[in-house]
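The structure file start-v5.tsv is reproduced below (TSV, C-alpha atoms).
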chain	number	residue	atom	x	y	z
A	66	MET	CA	-25.42	-16.83	18.91
A	67	MET	CA	-23.11	-16.20	21.88
A	68	LYS	CA	-20.91	-19.10	20.79
A	69	SER	CA	-20.61	-17.64	17.31
A	70	ILE	CA	-19.60	-14.22	18.65
A	71	LEU	CA	-17.00	-15.78	20.96
A	72	LEU	CA	-15.60	-17.81	18.05
A	73	LYS	CA	-15.36	-14.69	15.88
A	74	LEU	CA	-13.70	-12.82	18.71
A	75	ALA	CA	-11.17	-15.61	19.21
A	76	MET	CA	-10.36	-15.75	15.49
A	77	THR	CA	-9.99	-11.98	15.32
A	78	LEU	CA	-7.58	-12.02	18.25
A	79	VAL	CA	-5.53	-14.84	16.68
A	80	VAL	CA	-5.19	-12.90	13.41
A	81	LEU	CA	-4.37	-9.64	15.21
A	82	PHE	CA	-1.68	-11.34	17.34
A	83	ALA	CA	-0.22	-13.02	14.23
A	84	ALA	CA	-0.16	-9.64	12.48
A	85	TYR	CA	1.47	-7.99	15.51
A	86	PHE	CA	4.30	-10.52	15.48
A	87	GLY	CA	4.58	-10.16	11.70
A	88	PHE	CA	5.03	-6.40	12.04
A	89	MET	CA	7.50	-6.89	14.90
A	90	LEU	CA	9.59	-9.12	12.62
A	91	LEU	CA	9.52	-6.54	9.85
A	92	SER	CA	10.33	-3.57	12.07
A	93	THR	CA	13.92	-4.39	12.93
A	94	ASP	CA	15.81	-1.74	14.88
A	95	ASN	CA	18.60	-0.54	12.57
A	96	ASN	CA	20.09	2.09	14.87
A	97	ALA	CA	23.87	1.84	15.21
A	98	GLN	CA	25.02	-0.58	17.90
A	99	GLU	CA	28.38	1.13	18.43
A	100	GLN	CA	30.53	3.94	17.06
A	101	GLY	CA	32.04	3.52	13.62
A	102	HIS	CA	32.32	5.08	10.21
A	103	ILE	CA	30.78	4.64	6.79
A	104	ARG	CA	31.86	5.60	3.31
A	105	LEU	CA	29.30	7.87	1.68
A	106	VAL	CA	29.14	8.75	-2.00
A	107	ILE	CA	26.74	11.41	-3.26
A	108	VAL	CA	25.96	11.60	-6.97
A	109	ASP	CA	24.12	14.50	-8.61
A	110	GLU	CA	21.64	14.54	-11.51
A	111	ASN	CA	24.51	14.60	-14.07
A	112	ASP	CA	25.99	11.41	-12.61
A	113	ASP	CA	28.90	13.44	-11.19
A	114	THR	CA	30.20	12.45	-7.78
A	115	VAL	CA	29.92	15.55	-5.62
A	116	PHE	CA	30.94	13.92	-2.34
A	117	ASP	CA	33.00	10.85	-1.53
A	118	GLY	CA	34.11	10.63	2.07
A	119	GLN	CA	33.93	9.04	5.49
A	120	LEU	CA	31.21	9.89	8.01
A	121	ILE	CA	31.46	8.98	11.67
A	122	TYR	CA	28.40	7.61	13.44
A	123	HIS	CA	27.72	7.11	17.13
A	124	GLU	CA	25.83	4.50	19.09
A	125	ASP	CA	22.04	4.69	18.55
A	126	ASP	CA	22.33	6.88	15.44
A	127	THR	CA	19.90	6.32	12.60
A	128	PHE	CA	21.26	6.95	9.12
A	129	PHE	CA	19.20	10.15	9.08
A	130	ASP	CA	21.04	11.31	12.25
A	131	VAL	CA	24.40	10.70	10.54
A	132	LEU	CA	23.37	12.68	7.45
A	133	ASN	CA	21.77	15.47	9.46
A	134	ARG	CA	24.94	15.96	11.49
A	135	ALA	CA	27.19	16.15	8.43
A	136	PHE	CA	25.03	18.18	6.02
A	137	ASP	CA	22.23	20.74	5.82
A	138	LEU	CA	19.16	18.70	4.95
A	139	THR	CA	15.81	19.76	3.55
A	140	CYS	CA	13.05	17.22	4.06
A	141	ALA	CA	9.49	16.91	2.76
A	142	ASN	CA	6.52	17.91	4.84
A	143	GLY	CA	3.17	16.10	4.70
A	144	GLN	CA	2.38	17.72	1.32
A	145	TYR	CA	5.86	16.92	-0.06
A	146	GLN	CA	6.83	20.58	0.08
A	147	GLU	CA	10.28	21.63	1.31
A	148	ASP	CA	10.75	21.70	5.07
A	149	PRO	CA	14.26	22.88	6.10
A	150	THR	CA	13.56	22.00	9.74
A	151	CYS	CA	12.99	18.31	8.92
A	152	THR	CA	10.44	18.05	11.69
A	153	TYR	CA	7.74	16.19	9.78
A	154	THR	CA	7.78	12.39	9.94
A	155	PHE	CA	5.66	10.26	7.59
A	156	PRO	CA	3.61	7.62	9.41
A	157	MET	CA	4.96	4.69	7.40
A	158	ILE	CA	4.77	0.97	8.06
A	159	PRO	CA	6.46	-0.58	10.00
A	160	THR	CA	8.47	2.51	11.10
A	161	ASN	CA	7.92	6.22	10.69
A	162	GLU	CA	10.07	7.78	8.00
A	163	LYS	CA	11.47	11.11	6.87
A	164	VAL	CA	11.81	12.00	3.20
A	165	VAL	CA	15.01	13.90	2.37
A	166	LEU	CA	14.69	16.20	-0.66
A	167	ASN	CA	17.90	18.28	-0.65
A	168	ILE	CA	21.39	17.86	0.75
A	169	LYS	CA	23.78	20.78	1.09
A	170	GLY	CA	27.44	20.32	1.94
A	171	ASP	CA	30.36	22.74	2.07
A	172	THR	CA	31.10	22.37	-1.64
A	173	PHE	CA	27.95	21.01	-3.21
A	174	GLU	CA	24.16	21.02	-3.15
A	175	ILE	CA	21.81	18.44	-4.61
A	176	LYS	CA	18.10	19.12	-4.98
A	177	THR	CA	15.11	16.93	-5.78
A	178	ASN	CA	11.40	17.73	-5.91
A	179	TRP	CA	9.84	14.26	-5.36
A	180	GLN	CA	7.58	14.71	-8.43
A	181	ASP	CA	10.30	14.29	-11.08
A	182	THR	CA	13.39	13.44	-9.07
A	183	PHE	CA	14.15	11.77	-5.74
A	184	LEU	CA	17.14	10.60	-3.73
A	185	ALA	CA	17.85	6.89	-4.16
A	186	PHE	CA	19.67	5.32	-1.20
A	187	GLU	CA	21.87	2.41	-2.26
A	188	TYR	CA	24.39	0.09	-0.64
A	189	TYR	CA	27.45	-1.44	-2.27
A	190	ASP	CA	27.39	-5.24	-2.07
A	191	GLY	CA	30.95	-5.72	-3.29
A	192	ALA	CA	30.02	-5.84	-6.96
A	193	SER	CA	27.31	-3.25	-7.57
A	194	TYR	CA	25.00	-0.77	-5.89
A	195	ARG	CA	21.62	-2.08	-4.78
A	196	LEU	CA	18.63	-0.09	-3.57
A	197	PHE	CA	17.80	-0.17	0.11
A	198	SER	CA	14.32	-1.47	0.84
A	199	GLN	CA	14.08	0.82	3.88
A	200	GLY	CA	13.79	4.57	4.25
A	201	VAL	CA	16.47	6.97	5.49
A	202	ASN	CA	15.38	6.54	9.12
A	203	SER	CA	15.59	2.78	9.19
A	204	LEU	CA	18.11	1.65	6.61
A	205	SER	CA	20.69	-0.72	8.03
A	206	TYR	CA	24.40	0.01	8.10
A	207	THR	CA	27.44	-1.23	9.97
A	208	ASP	CA	31.05	-0.14	10.35
A	209	LYS	CA	32.69	0.45	6.95
A	210	SER	CA	29.38	0.24	5.08
A	211	HIS	CA	29.56	1.81	1.63
A	212	ILE	CA	26.43	3.83	0.87
A	213	ARG	CA	25.54	5.93	-2.16
A	214	ILE	CA	22.91	8.64	-2.43
A	215	LYS	CA	21.98	9.37	-5.99
A	216	VAL	CA	19.68	11.95	-7.58
A	217	THR	CA	17.37	9.78	-9.65
A	218	ALA	CA	14.65	10.67	-12.14
A	219	VAL	CA	11.24	9.09	-11.47
A	220	GLY	CA	10.96	5.91	-13.56
A	221	GLN	CA	14.70	5.71	-14.10
A	222	THR	CA	16.50	2.54	-13.08
A	223	SER	CA	19.43	2.93	-10.84
W	208	MET	CA	-41.67	-5.30	-15.04
W	209	SER	CA	-40.66	-4.40	-18.61
W	210	LYS	CA	-37.11	-5.08	-19.83
W	211	GLN	CA	-36.46	-1.35	-20.08
W	212	HIS	CA	-37.74	-0.76	-16.55
W	213	GLN	CA	-35.55	-3.61	-15.29
W	214	ALA	CA	-32.49	-2.16	-17.04
W	215	ILE	CA	-33.04	1.28	-15.48
W	216	LYS	CA	-33.39	-0.31	-12.04
W	217	ASP	CA	-30.21	-2.34	-12.59
W	218	MET	CA	-28.28	0.73	-13.70
W	219	THR	CA	-29.44	2.73	-10.69
W	220	LEU	CA	-28.48	-0.07	-8.32
W	221	ILE	CA	-25.04	-0.43	-9.93
W	222	ALA	CA	-24.46	3.34	-9.67
W	223	ILE	CA	-25.45	3.42	-5.99
W	224	CYS	CA	-23.25	0.42	-5.13
W	225	ALA	CA	-20.29	1.92	-7.04
W	226	ALA	CA	-20.81	5.22	-5.20
W	227	ILE	CA	-20.78	3.46	-1.82
W	228	LEU	CA	-17.59	1.62	-2.79
W	229	PHE	CA	-15.88	4.84	-3.92
W	230	VAL	CA	-16.95	6.99	-0.97
W	231	GLN	CA	-15.87	4.51	1.70
W	232	GLN	CA	-12.49	4.05	0.02
W	233	LEU	CA	-12.03	7.81	-0.12
W	234	ALA	CA	-13.18	8.32	3.46
W	235	LEU	CA	-10.70	5.73	4.74
W	236	SER	CA	-7.85	6.66	2.41
W	237	PHE	CA	-5.89	8.27	5.26
W	238	LEU	CA	-5.47	4.75	6.68
W	239	PRO	CA	-3.15	2.77	4.38
W	240	ASN	CA	-4.95	-0.27	2.94
W	241	ILE	CA	-7.63	-0.28	5.63
W	242	GLN	CA	-10.98	-0.20	3.88
W	243	PHE	CA	-14.26	-2.02	3.31
W	244	SER	CA	-13.71	-2.50	-0.45
W	245	THR	CA	-13.05	-6.24	-0.30
W	246	LEU	CA	-16.04	-6.78	1.98
W	247	LEU	CA	-18.29	-4.79	-0.35
W	248	ILE	CA	-17.08	-6.54	-3.52
W	249	VAL	CA	-17.53	-9.95	-1.88
W	250	LEU	CA	-21.00	-8.85	-0.79
W	251	TYR	CA	-21.93	-7.51	-4.24
W	252	THR	CA	-20.71	-10.74	-5.88
W	253	LYS	CA	-22.74	-12.93	-3.54
W	254	VAL	CA	-25.94	-10.83	-3.59
W	255	LEU	CA	-25.96	-9.09	-6.99
W	256	GLY	CA	-24.00	-11.62	-9.05
W	257	PHE	CA	-21.01	-11.55	-11.39
W	258	LYS	CA	-22.35	-9.25	-14.12
W	259	LYS	CA	-23.48	-6.36	-11.90
W	260	THR	CA	-20.31	-6.64	-9.76
W	261	THR	CA	-18.18	-6.39	-12.91
W	262	PHE	CA	-19.92	-3.12	-13.84
W	263	ILE	CA	-19.50	-1.83	-10.27
W	264	ILE	CA	-15.76	-2.66	-10.29
W	265	THR	CA	-15.30	-1.04	-13.73
W	266	ILE	CA	-16.95	2.19	-12.56
W	267	HIS	CA	-15.03	2.11	-9.28
W	268	VAL	CA	-11.62	1.65	-10.93
W	269	LEU	CA	-12.27	4.46	-13.44
W	270	VAL	CA	-13.62	6.85	-10.80
W	271	VAL	CA	-10.81	6.15	-8.32
W	272	ASN	CA	-8.19	6.69	-11.01
W	273	PHE	CA	-9.61	9.76	-12.71
W	274	PHE	CA	-11.68	11.61	-10.13
W	275	SER	CA	-9.91	11.00	-6.85
W	276	PRO	CA	-9.27	14.35	-5.12
W	277	PHE	CA	-5.81	13.02	-4.23
W	278	GLY	CA	-4.91	12.92	-7.94
W	279	SER	CA	-4.95	10.19	-10.52
W	280	LEU	CA	-2.85	7.10	-10.13
W	281	ILE	CA	-0.15	6.03	-12.57
W	282	PRO	CA	-2.09	4.96	-15.74
W	283	ILE	CA	-0.32	1.60	-15.93
W	284	TYR	CA	-1.90	0.69	-12.57
W	285	ILE	CA	-5.46	0.99	-13.98
W	286	PRO	CA	-5.47	-2.50	-15.60
W	287	ALA	CA	-3.64	-3.89	-12.55
W	288	MET	CA	-6.30	-2.52	-10.22
W	289	PHE	CA	-9.12	-3.80	-12.45
W	290	ILE	CA	-7.60	-7.29	-12.68
W	291	ALA	CA	-6.95	-7.37	-8.93
W	292	TRP	CA	-10.52	-6.47	-7.97
W	293	MET	CA	-11.99	-8.78	-10.64
W	294	ILE	CA	-10.28	-11.74	-8.99
W	295	ILE	CA	-12.99	-11.63	-6.31
W	296	PRO	CA	-16.08	-12.08	-8.54
W	297	VAL	CA	-14.23	-14.47	-10.86
W	298	LEU	CA	-13.13	-16.78	-8.03
W	299	LEU	CA	-16.33	-16.51	-6.00
W	300	THR	CA	-18.48	-17.49	-8.98
W	301	THR	CA	-16.24	-20.34	-10.16
W	302	VAL	CA	-13.77	-22.33	-8.05
W	303	PHE	CA	-14.85	-20.81	-4.74
W	304	LYS	CA	-18.57	-20.50	-5.45
W	305	HIS	CA	-19.36	-22.79	-2.51
W	306	LEU	CA	-17.86	-20.34	-0.01
W	307	ASN	CA	-20.88	-18.80	1.66
W	308	HIS	CA	-20.15	-18.50	5.36
W	309	ALA	CA	-18.57	-15.40	6.87
W	310	PHE	CA	-15.68	-17.45	8.27
W	311	GLU	CA	-14.81	-19.03	4.90
W	312	LEU	CA	-15.12	-15.70	3.12
W	313	SER	CA	-13.00	-13.93	5.73
W	314	LEU	CA	-10.19	-16.47	5.12
W	315	PHE	CA	-10.62	-15.80	1.40
W	316	GLY	CA	-10.32	-12.06	2.19
W	317	LEU	CA	-7.19	-12.69	4.26
W	318	PHE	CA	-5.40	-14.36	1.33
W	319	PHE	CA	-6.82	-11.86	-1.14
W	320	GLY	CA	-5.02	-9.06	0.74
W	321	PHE	CA	-1.72	-10.54	-0.43
W	322	ILE	CA	-2.94	-11.48	-3.92
W	323	TYR	CA	-4.15	-7.90	-4.50
W	324	GLY	CA	-0.63	-6.61	-3.81
W	325	TRP	CA	1.05	-9.26	-5.99
W	326	VAL	CA	-1.07	-8.35	-9.03
W	327	PHE	CA	0.67	-4.94	-9.05
W	328	VAL	CA	4.15	-6.51	-8.98
W	329	PRO	CA	4.57	-7.35	-12.72
W	330	PHE	CA	3.16	-3.94	-13.73
W	331	SER	CA	5.60	-2.14	-11.41
W	332	VAL	CA	8.58	-4.27	-12.37
W	333	PHE	CA	8.11	-4.48	-16.15
W	334	PHE	CA	6.58	-1.08	-16.91
W	335	LEU	CA	8.03	1.15	-14.18
W	336	ASP	CA	11.37	-0.63	-13.73
W	337	VAL	CA	10.87	-0.90	-9.98
W	338	PRO	CA	13.34	-3.45	-8.52
W	339	LEU	CA	11.48	-6.71	-7.82
W	340	MET	CA	12.76	-7.72	-4.38
W	341	GLU	CA	12.72	-4.20	-2.95
W	342	TYR	CA	9.13	-3.72	-4.15
W	343	ILE	CA	7.94	-7.03	-2.69
W	344	LEU	CA	9.61	-6.31	0.65
W	345	MET	CA	8.25	-2.78	0.87
W	346	ASP	CA	4.75	-3.86	-0.11
W	347	LEU	CA	4.54	-6.71	2.40
W	348	PRO	CA	3.44	-4.60	5.41
W	349	PHE	CA	0.70	-2.99	3.29
W	350	GLU	CA	-0.46	-6.42	2.09
W	351	MET	CA	-0.59	-7.59	5.70
W	352	LEU	CA	-2.69	-4.57	6.66
W	353	MET	CA	-5.12	-5.22	3.83
W	354	ALA	CA	-5.32	-8.92	4.70
W	355	ILE	CA	-6.16	-8.17	8.36
W	356	SER	CA	-8.63	-5.47	7.37
W	357	ASN	CA	-10.36	-7.87	4.94
W	358	PHE	CA	-10.48	-10.68	7.48
W	359	VAL	CA	-11.91	-8.61	10.31
W	360	THR	CA	-14.47	-6.67	8.25
W	361	ILE	CA	-15.80	-9.76	6.44
W	362	LEU	CA	-15.92	-11.85	9.60
W	363	TRP	CA	-17.90	-9.28	11.58
W	364	LEU	CA	-19.96	-7.45	8.97
W	365	TYR	CA	-20.64	-9.86	6.08
W	366	ASP	CA	-23.68	-11.65	7.56
W	367	ILE	CA	-25.37	-8.42	8.72
W	368	LEU	CA	-24.76	-6.57	5.44
W	369	LYS	CA	-25.77	-9.56	3.31
W	370	LYS	CA	-29.12	-9.78	5.08
W	371	LEU	CA	-29.63	-6.05	4.74
W	372	LEU	CA	-28.67	-5.90	1.05
W	373	GLN	CA	-30.80	-8.94	0.17
W	374	GLU	CA	-33.87	-7.42	1.86
W	375	GLN	CA	-33.35	-4.04	0.26
W	376	THR	CA	-32.74	-5.40	-3.25
W	377	GLN	CA	-35.85	-7.59	-3.00
W	378	ARG	CA	-37.95	-4.59	-1.95
W	379	TYR	CA	-36.31	-2.46	-4.62
W	380	TYR	CA	-37.13	-4.87	-7.46
W	381	LEU	CA	-40.69	-5.44	-6.18
W	382	GLU	CA	-41.55	-1.73	-6.22
W	383	LYS	CA	-43.03	-0.48	-9.45
So that I can check it, write out the structure of this file as structure tokens.
Amino acid sequence: MMKSILLKLAMTLVVLFAAYFGFMLLSTDNNAQEQGHIRLVIVDENDDTVFDGQLIYHEDDTFFDVLNRAFDLTCANGQYQEDPTCTYTFPMIPTNEKVVLNIKGDTFEIKTNWQDTFLAFEYYDGASYRLFSQGVNSLSYTDKSHIRIKVTAVGQTS
Amino acid sequence: MSKQHQAIKDMTLIAICAAILFVQQLALSFLPNIQFSTLLIVLYTKVLGFKKTTFIITIHVLVVNFFSPFGSLIPIYIPAMFIAWMIIPVLLTTVFKHLNHAFELSLFGLFFGFIYGWVFVPFSVFFLDVPLMEYILMDLPFEMLMAISNFVTILWLYDILKKLLQEQTQRYYLEK
């Protein structure tokens, strides 16, 4: 009986350790390593480019930090309602994430409601735009990265 | 026991088991992919058999999709969810019917955590136009969570619950 419990305990620990290392591998730190700049393109629901410019980032910035510094952002709270303070963070795996709903610049404003439309974050790979597989807090970028944010209808391919 | 009496008892048992499956999933829904559903379906397959488990899964999938207080899921995921859960009774009554020990079943549960996620891939990619690689990458952490949850719950609770369910079902069918 005791032997069986110890065996189960050992197997549980092995699986938990394996999972821990698995999650560590998945949760790469994508904060900026040094100062640089990125090219950002923002496209509205009519496929019109409303912003195309350079944004400077600093060491340790997440992509959300870069956006938040340059624009007025409205995020989603826990019920996916608008939260202009952007304080709520979704407990996602492997990193916590914010959901950006609206972006307001000096000359434009794009709005989404999460139910019908959302902001797709894409990177340019030299030939076409591809969707990031991370959220706005953890998407990876380097100096001169070319990133596009596009208002996208739910179910619509990018 | 008459055939009619037996049928009523079977229906009641199926309803109770489906209710347990639904309630625990709902109660743990705030934890992504951490639940006792795989443990319970493995248990139902081993104790109640393929036919009753199929009815339980059918009820569970319909109830989860239509009556969840968190809102219904995307309709195209209903067949995906049904197929995914049915993999357990199908495999455990055919190719893996000799798996009976908690350790063997917990390893089965570990792999099933990933298989469950992969069943949704073609439905998401072909019907919802979700990009394949991005979907697989984003789903991987959730599959890992389900795999661990399955492994741990089956390893520690399967033997105890199997004994309990076997005793209770025997008593239940003996009572007039």
Produce a table with one row for each residue of chain A that has an atom at most 10 Å from any atom of chain W, each row naming the nearest atom pair and its distance in Å at one decimal; use all atoms listed in the file; arrange rows by chain and rising residue number; format as a Markdown table.
| residue | atom | partner | partner_atom | distance |
| --- | --- | --- | --- | --- |
| A:Ile70 | CA | W:Trp363 | CA | 8.8 |
| A:Leu72 | CA | W:Phe310 | CA | 9.8 |
| A:Lys73 | CA | W:Leu362 | CA | 6.9 |
| A:Leu74 | CA | W:Trp363 | CA | 9.0 |
| A:Met76 | CA | W:Val359 | CA | 9.0 |
| A:Thr77 | CA | W:Val359 | CA | 6.3 |
| A:Leu78 | CA | W:Val359 | CA | 9.7 |
| A:Val80 | CA | W:Ile355 | CA | 7.0 |
| A:Leu81 | CA | W:Ile355 | CA | 7.2 |
| A:Ala83 | CA | W:Ile355 | CA | 9.7 |
| A:Ala84 | CA | W:Met351 | CA | 7.1 |
| A:Gly87 | CA | W:Met351 | CA | 8.3 |
| A:Phe88 | CA | W:Pro348 | CA | 7.1 |
| A:Leu91 | CA | W:Pro348 | CA | 7.8 |
| A:Ser92 | CA | W:Pro348 | CA | 9.6 |
| A:Pro156 | CA | W:Pro239 | CA | 9.7 |
| A:Met157 | CA | W:Pro239 | CA | 8.9 |
| A:Ile158 | CA | W:Pro348 | CA | 6.3 |
| A:Pro159 | CA | W:Pro348 | CA | 6.8 |
| A:Arg195 | CA | W:Pro338 | CA | 9.2 |
| A:Leu196 | CA | W:Glu341 | CA | 7.2 |
| A:Phe197 | CA | W:Glu341 | CA | 7.2 |
| A:Ser198 | CA | W:Glu341 | CA | 4.9 |
| A:Gln199 | CA | W:Met345 | CA | 7.5 |
| A:Gly200 | CA | W:Met345 | CA | 9.8 |
| A:Val219 | CA | W:Leu335 | CA | 9.0 |
| A:Gly220 | CA | W:Leu335 | CA | 5.6 |
| A:Gln221 | CA | W:Asp336 | CA | 7.2 |
| A:Thr222 | CA | W:Asp336 | CA | 6.1 |
| A:Ser223 | CA | W:Pro338 | CA | 9.1 |
Export of the given selection (C-alpha atoms) as a compact mmCIF listing (two decimals), in the frame of the given file:
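The result, stored in result.txt:
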# COMPACT_ATOMS: atom_id res chain seq x y z
CA ILE A 70 -19.60 -14.22 18.65
CA LEU A 72 -15.60 -17.81 18.05
CA LYS A 73 -15.36 -14.69 15.88
CA LEU A 74 -13.70 -12.82 18.71
CA MET A 76 -10.36 -15.75 15.49
CA THR A 77 -9.99 -11.98 15.32
CA LEU A 78 -7.58 -12.02 18.25
CA VAL A 80 -5.19 -12.90 13.41
CA LEU A 81 -4.37 -9.64 15.21
CA ALA A 83 -0.22 -13.02 14.23
CA ALA A 84 -0.16 -9.64 12.48
CA GLY A 87 4.58 -10.16 11.70
CA PHE A 88 5.03 -6.40 12.04
CA LEU A 91 9.52 -6.54 9.85
CA SER A 92 10.33 -3.57 12.07
CA PRO A 156 3.61 7.62 9.41
CA MET A 157 4.96 4.69 7.40
CA ILE A 158 4.77 0.97 8.06
CA PRO A 159 6.46 -0.58 10.00
CA ARG A 195 21.62 -2.08 -4.78
CA LEU A 196 18.63 -0.09 -3.57
CA PHE A 197 17.80 -0.17 0.11
CA SER A 198 14.32 -1.47 0.84
CA GLN A 199 14.08 0.82 3.88
CA GLY A 200 13.79 4.57 4.25
CA VAL A 219 11.24 9.09 -11.47
CA GLY A 220 10.96 5.91 -13.56
CA GLN A 221 14.70 5.71 -14.10
CA THR A 222 16.50 2.54 -13.08
CA SER A 223 19.43 2.93 -10.84
I need every residue sitting at most 12 Å from the point (26.9, -0.2, 18.9) (coordinates as in the file, only C-alpha atoms considered), written as a count of residues only.
18
So how far away is CA of Lys215 (chain A) from CA of Asn178 (chain A), in Å?
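According to the coordinates, CA of Asn178 (chain A) and CA of Lys215 (chain A) are separated by 13.5 Å.
Across the structure, CA of Ile367 (chain W) and CA of His212 (chain W) are spaced 29.2 Å apart.
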Hey, can you check how far CA of Asn240 (chain W) sits from CA of Phe318 (chain W)?
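Straight-line distance from CA of Asn240 (chain W) to CA of Phe318 (chain W) works out to 14.2 Å.
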How would you write as number ranges by chain the residues that get within 10 Å of (8.7, 21.1, -1.1) in the file's frame, counting all atoms listed in the file?
A: 139-149, 166-167, 177-180
Of the listed residues A:Leu120, A:Leu132, A:Ala192, A:Val216, that which approaches Ile107 (chain A) most closely, counting all atoms listed in the file:
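Closest to Ile107 (chain A), using all atoms listed in the file: A:Val216.
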Leaving out Gln119 (chain A) and any residue of its chain fewer than 4 positions from it, which residues lie within 9 Å of it when counting all atoms listed in the file, given as a PDB file with C-alpha atoms, keeping the file's coordinate frame?
ATOM      1  CA  HIS A 102      32.320   5.080  10.210  1.00  0.00           C
ATOM      2  CA  ILE A 103      30.780   4.640   6.790  1.00  0.00           C
ATOM      3  CA  ARG A 104      31.860   5.600   3.310  1.00  0.00           C
ATOM      4  CA  LEU A 105      29.300   7.870   1.680  1.00  0.00           C
ATOM      5  CA  VAL A 106      29.140   8.750  -2.000  1.00  0.00           C
ATOM      6  CA  LYS A 209      32.690   0.450   6.950  1.00  0.00           C
TER       7      LYS A 209
END
Which residue gives the smallest distance to Phe155 (chain A) among W:Tyr284, W:Gln375, W:Val270, W:Phe237, with all atoms listed in the file counted?
W:Phe237
Can you pull out the residues contacting Leu312 (chain W)? Cut-off 12 Å, using only C-alpha atoms, and skip same-chain residues under 3 positions away; I want them as a JSON list (two decimals) with C-alpha atoms, keeping the file's coordinate frame.
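Done, and the output landed in selection_7.json:
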[["chain", "number", "residue", "atom", "x", "y", "z"],
["W", 245, "THR", "CA", -13.05, -6.24, -0.30],
["W", 246, "LEU", "CA", -16.04, -6.78, 1.98],
["W", 247, "LEU", "CA", -18.29, -4.79, -0.35],
["W", 248, "ILE", "CA", -17.08, -6.54, -3.52],
["W", 249, "VAL", "CA", -17.53, -9.95, -1.88],
["W", 250, "LEU", "CA", -21.00, -8.85, -0.79],
["W", 252, "THR", "CA", -20.71, -10.74, -5.88],
["W", 253, "LYS", "CA", -22.74, -12.93, -3.54],
["W", 295, "ILE", "CA", -12.99, -11.63, -6.31],
["W", 298, "LEU", "CA", -13.13, -16.78, -8.03],
["W", 299, "LEU", "CA", -16.33, -16.51, -6.00],
["W", 303, "PHE", "CA", -14.85, -20.81, -4.74],
["W", 304, "LYS", "CA", -18.57, -20.50, -5.45],
["W", 305, "HIS", "CA", -19.36, -22.79, -2.51],
["W", 306, "LEU", "CA", -17.86, -20.34, -0.01],
["W", 307, "ASN", "CA", -20.88, -18.80, 1.66],
["W", 308, "HIS", "CA", -20.15, -18.50, 5.36],
["W", 309, "ALA", "CA", -18.57, -15.40, 6.87],
["W", 315, "PHE", "CA", -10.62, -15.80, 1.40],
["W", 316, "GLY", "CA", -10.32, -12.06, 2.19],
["W", 317, "LEU", "CA", -7.19, -12.69, 4.26],
["W", 318, "PHE", "CA", -5.40, -14.36, 1.33],
["W", 319, "PHE", "CA", -6.82, -11.86, -1.14],
["W", 357, "ASN", "CA", -10.36, -7.87, 4.94],
["W", 358, "PHE", "CA", -10.48, -10.68, 7.48],
["W", 359, "VAL", "CA", -11.91, -8.61, 10.31],
["W", 360, "THR", "CA", -14.47, -6.67, 8.25],
["W", 361, "ILE", "CA", -15.80, -9.76, 6.44],
["W", 362, "LEU", "CA", -15.92, -11.85, 9.60],
["W", 363, "TRP", "CA", -17.90, -9.28, 11.58],
["W", 364, "LEU", "CA", -19.96, -7.45, 8.97],
["W", 365, "TYR", "CA", -20.64, -9.86, 6.08],
["W", 366, "ASP", "CA", -23.68, -11.65, 7.56]]
Using all atoms listed in the file, which protein or nucleic acid residues come within 12 Å of region 266-269 of chain W? Drop anything in the same chain fewer than 5 positions from it, and give the result as an mmCIF file with C-alpha atoms, in the coordinates of the input.
data_model
loop_
_atom_site.group_PDB
_atom_site.id
_atom_site.type_symbol
_atom_site.label_atom_id
_atom_site.label_comp_id
_atom_site.auth_asym_id
_atom_site.auth_seq_id
_atom_site.Cartn_x
_atom_site.Cartn_y
_atom_site.Cartn_z
ATOM 1 C CA MET W 218 -28.280 0.730 -13.700
ATOM 2 C CA ILE W 221 -25.040 -0.430 -9.930
ATOM 3 C CA ALA W 222 -24.460 3.340 -9.670
ATOM 4 C CA ILE W 223 -25.450 3.420 -5.990
ATOM 5 C CA CYS W 224 -23.250 0.420 -5.130
ATOM 6 C CA ALA W 225 -20.290 1.920 -7.040
ATOM 7 C CA ALA W 226 -20.810 5.220 -5.200
ATOM 8 C CA ILE W 227 -20.780 3.460 -1.820
ATOM 9 C CA LEU W 228 -17.590 1.620 -2.790
ATOM 10 C CA PHE W 229 -15.880 4.840 -3.920
ATOM 11 C CA VAL W 230 -16.950 6.990 -0.970
ATOM 12 C CA GLN W 231 -15.870 4.510 1.700
ATOM 13 C CA GLN W 232 -12.490 4.050 0.020
ATOM 14 C CA LEU W 233 -12.030 7.810 -0.120
ATOM 15 C CA SER W 244 -13.710 -2.500 -0.450
ATOM 16 C CA LEU W 247 -18.290 -4.790 -0.350
ATOM 17 C CA ILE W 248 -17.080 -6.540 -3.520
ATOM 18 C CA LYS W 259 -23.480 -6.360 -11.900
ATOM 19 C CA THR W 260 -20.310 -6.640 -9.760
ATOM 20 C CA THR W 261 -18.180 -6.390 -12.910
ATOM 21 C CA PHE W 274 -11.680 11.610 -10.130
ATOM 22 C CA SER W 275 -9.910 11.000 -6.850
ATOM 23 C CA SER W 279 -4.950 10.190 -10.520
ATOM 24 C CA LEU W 280 -2.850 7.100 -10.130
ATOM 25 C CA PRO W 282 -2.090 4.960 -15.740
ATOM 26 C CA TYR W 284 -1.900 0.690 -12.570
ATOM 27 C CA ILE W 285 -5.460 0.990 -13.980
ATOM 28 C CA PRO W 286 -5.470 -2.500 -15.600
ATOM 29 C CA ALA W 287 -3.640 -3.890 -12.550
ATOM 30 C CA MET W 288 -6.300 -2.520 -10.220
ATOM 31 C CA PHE W 289 -9.120 -3.800 -12.450
ATOM 32 C CA ILE W 290 -7.600 -7.290 -12.680
ATOM 33 C CA ALA W 291 -6.950 -7.370 -8.930
ATOM 34 C CA TRP W 292 -10.520 -6.470 -7.970
ATOM 35 C CA MET W 293 -11.990 -8.780 -10.640
#
